[in-house]
Every structure is written in C-alpha cells, then in structure tokens.
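Trainee: My questions all concern the structure below.
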Amino acid sequence: MPVTPDHDLTYPNPDDAPNGPRQVQQLALDVDQALTGLLVDTGVQAGLDVTPAAGWQVTARQYRLIGKKMYLRLETQRTGANITADTTGAGNAPGNIADTVIATINDVQLRPAFDTYGLFRGSITSGSCQVGADGRVWIVDMHSNSSIRTNDTVNISMPYPIP
C-alpha cells in the first residue's frame, strides 16, 4: 500500500485487493504511531536549568512538556535594590520600569520558539513579563507606584511553544 508524503500513513492503492478491516487497522496503527511523538507528556519536572540574573535568586523552578508546548513555573526572590514603577508617566507611561532580566533558561530546547509575553505575580504587585527566544526572562512593567522590594518574590507561570 502507498503512504502519505508527510506522515507515512498508509492508504489503499486502486490495485489492492479490497480488505476494509485490514486497511483501516493499518491506518489506525499508523495514526497512533504518528500521534505518539506529538503528544508526549513529561509530567511535572523539577530542576529546570536556570541561571538567576544579578540581584535575583531562583527559589523554585518546574516545567512540563506536552508535545511541543512548554509549561513554565519560575519563582524568584529579589536580592538587589527595590524596583519601583514610574508614577507620573513623565517621559514614560505610568507603571513603566526598565526592562529587567531576572533569569535565563539555559537549555536551548526549552526556550520559546519566539518571544512570548505573560504576567507575573509579585509579593505586593503584578505586571507583565517576557520570555525571549534567547532564554532570558524579563519583567517589563508593573502597576503604577508599586515596587518589588528586596526579599519580595516574583512568580511566573506561562505556557509557550518550543522549537
């Protein structure tokens, strides 16, 4: 029997003797095998290889892979000076902060296929974050007039596609 060009799924050739049950069974087995690689689930894994940026400590890190989707959970603690969001908007929008790297995901295969954006939750504030295709994890803004203080935690949980 011939096969499809992309996934090697078998189908009957006009010259094949009719045998519906055998042909359908073969197609089902081929589809089952093709889906196995797409739907692999690692379960929750501890110990993601992450390097904290200066002024940060990584306190928890987990991930889960389901197919080509990564689910990241990263908990960090601020060890450097306070980070305070702009309150006036003078020259910037209220809530703006200097984009701040908090950690880097070292395993290239667990980095996003492209820059992805999500939310972080801190001890007393929240805001937006970015995980770059280069593995850097950034916080990029937060509530106006709020701060991440020394010893505050910043938690990020987000899914993203991997290459």
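Going through the structure tokens in order, the chains are called A, B, and so on, while each chain numbers its residues from 1 and the ligands are numbered from 1 in the order shown.
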Can you pull out every residue within 10 Å of Gln62 of chain A, counting only C-alpha atoms, but drop anything in the same chain fewer than 6 positions away, and send it as a PyMOL selection string?
Mentor: chain A and resi 44-49+71-75+157
Trainee: From a DSSP calculation on the backbone, collect every residue of chain A in alpha helix (DSSP H) and output the set as a list in words.
Mentor: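 Reading the DSSP output for chain A, alpha helix (DSSP H) covers Gly20, Pro21, Arg22, Gln23, Val24, Gln25, Gln26, Leu27, Ala28, Leu29, Asp30, Val31, Asp32, Gln33, Ala34, Leu35, Thr36, Gly37 and Leu38 of chain A.
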Trainee: Between A:Val24, A:Ala34, A:Ala103, A:Asp115, which residue has the minimum interatomic distance to Gln57 of chain A, considering only C-alpha atoms?
Mentor: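 Of all the options, A:Ala103 lies closest to Gln57 of chain A.
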Trainee: Between atom CA of Tyr160 of chain A and atom CA of Thr42 of chain A, measure the distance and give it in Å to one decimal.
Mentor: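 Computing it gives 15.3 Å between the two atoms.
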Trainee: From a DSSP pass on the backbone, collect the residues of segment 29-113 of chain A flagged as strand (DSSP E) and hand them back as a VMD selection string.
Mentor: chain A and resid 45 to 46 50 to 52 56 to 66 69 to 78 83 to 84 96 to 105
Trainee: Do you know which residues are at most 7 Å from Arg111 of chain A counting only C-alpha atoms, after dropping those on the same chain fewer than 5 positions away, and could you put them as a list of chain:residue names?
Mentor: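 Selected residues are A:Ile105, A:Ala133, A:Asp134, A:Gly135, A:Ile162.
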Trainee: Next, write the just-selected residues to a file, as a compact mmCIF listing (two decimals), in the first residue's frame, keeping N, CA, C and O atoms as the atom set.
Mentor:
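Contents of again.txt, freshly written:
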```
# COMPACT_ATOMS: atom_id res chain seq x y z
N ILE A 105 16.94 30.86 30.99
CA ILE A 105 16.74 29.42 30.80
C ILE A 105 17.91 28.93 29.96
O ILE A 105 18.10 29.38 28.82
N ALA A 133 13.21 34.25 23.07
CA ALA A 133 13.72 33.08 22.36
C ALA A 133 15.18 32.81 22.74
O ALA A 133 15.68 31.71 22.56
N ASP A 134 15.85 33.82 23.30
CA ASP A 134 17.23 33.65 23.76
C ASP A 134 17.30 33.08 25.19
O ASP A 134 18.38 32.93 25.75
N GLY A 135 16.13 32.81 25.79
CA GLY A 135 16.08 32.21 27.12
C GLY A 135 16.00 33.20 28.27
O GLY A 135 15.78 32.81 29.41
N ILE A 162 7.68 25.48 21.97
CA ILE A 162 9.11 25.30 21.86
C ILE A 162 9.44 24.92 20.41
O ILE A 162 8.57 24.46 19.68
```
